[in-house]
Amino acid sequence: MAEDETPLTGVAWAAAPETAPAGWTVIGVTVEGAAANLGKGFGLKSGGYLCVSSGRAQAPPGPVVTDVLVLSDRSPQPLGYTRAPEFPEPRPGGSRKKRLYVKLQPVGVADTAVVDIKLSSKSKTLPYYTKAGEIGNFAIWCKKGPVLKPVPKPRSISTGLKQLSLQSPDYGAPAAPCSIKRAASQHEALYDTSNIYGLSAMDGVPFTLHPKFDTRLSSGSNALLTDLNVKSLADIEAEYNYAFVVEKTAAARLPPSVC
């Protein structure tokens with residue numbers, strides 16, 4: 001679509017050129033240069049002119065005109081079409097031999113739209129234009145073109161998203177060997193789907209021993225060894241001897257005996 005082929009946002013009928021509101025353009029002449037007074041076609045003694053609105057000053061874009069039809073007053077109103085408005089207001093005293101219908105659709109839905117309307121004599125043919133109908137001694141022609149969809153602006157990445165990282169934060173403190181080992185195991189488990197349920201809430205968390213136990217495990221100290229009670233195999237068997245008498249009796253299905 002060329003730059004000057006902006007989709008129309010409205011088509012209306014004005015009783016006189018000065019009655020058209022601001023932003024509307026009156027079609028005052030035909031392609032042959034004759035005055036485009038359509039009043040007689042509407043059954044009125046006074047003048048009548050078509051006017052269009054391109055909506056170039058509208059932001060954001062609203063509905064656009066996708067089709068225009070001229071039908072007799074006996075024809076039913078087509079589905080999806082509305083009666084073209086009249087300026088300054090409809091006059092009930094005059095009969096309408098022909099009615100002007102306009103179809104409006106949102107920009108995001110419409111594929112094609114009316115970009116221009118011209119008037120000519122009935123015998124005239126306009127290339128690249130579609131005939132919408134006839135009013136009086138005039139023919140109404142519409143030119144359609146593709147609708148350019150509004151392109152959304154690319155979303156910028158915020159500073160907070162740029163600072164996100166999958167790497168573990170470095171707290172600046174040396175971790176204990178056990179903590180390093182757990183952190184390495186956690187790093188491997190994150191990328192191993194077979195071990196997804198093996199993670200612990202304490203994995204990768206640095207820790208230190210309580211001072212109560214730290215003094216007992218200090219370098220060169222044998223204080224912990226003095227509290228150890230070493231037992232022999234015979235002591236362990238004598239302390240934890242269990243003859244399984246009840247189990248053996250039940251297995252043999254014999255009455256229990258007193259041991």
# chains A, B, ... in the order shown; residues from 1 in each chain; ligands from 1

$ residues_around --residues "Lys144 of chain A" --least-positions-apart "3" --cutoff "6 Å" --atoms "only C-alpha atoms" --output "MDAnalysis selection string"
chainID A and resid 113:115

$ residues_around --residues "Val151 of chain A" --least-positions-apart "3" --cutoff "12 Å" --atoms "only C-alpha atoms" --output "PyMOL selection string"
chain A and resi 107-108+148+154

$ residues_around --residues "Thr66 of chain A" --least-positions-apart "3" --cutoff "10 Å" --atoms "only C-alpha atoms" --output "list in words"
Pro7, Leu8, Thr9, Gly10, Pro63, Tyr81, Val102, Lys103, Leu104, Gln105, Pro106, Val107, Ala110, Asp111, Thr112, Ala113, Val114, Val115, Cys142, Lys144, Gly145 and Val147 of chain A

$ select_by_dssp --residues "segment 102-147 of chain A" --states "strand (DSSP E)" --output "list in words"
Val102, Lys103, Leu104, Gln105, Thr112, Ala113, Val114, Val115, Asp116, Ile117, Lys118, Leu119, Ser120, Ser121, Thr130, Lys131, Ala132, Gly133, Glu134, Ile135, Phe138, Ala139, Ile140, Trp141, Cys142, Lys143, Lys144, Gly145 and Pro146 of chain A

$ residues_around --residues "Trp141 of chain A" --least-positions-apart "6" --cutoff "6 Å" --atoms "only C-alpha atoms" --output "ChimeraX atom specification"
/A:117-118,129-132

$ atom_distance --atom1 "atom CA of Ala12 of chain A" --atom2 "atom CA of Pro85 of chain A"
5.0 Å
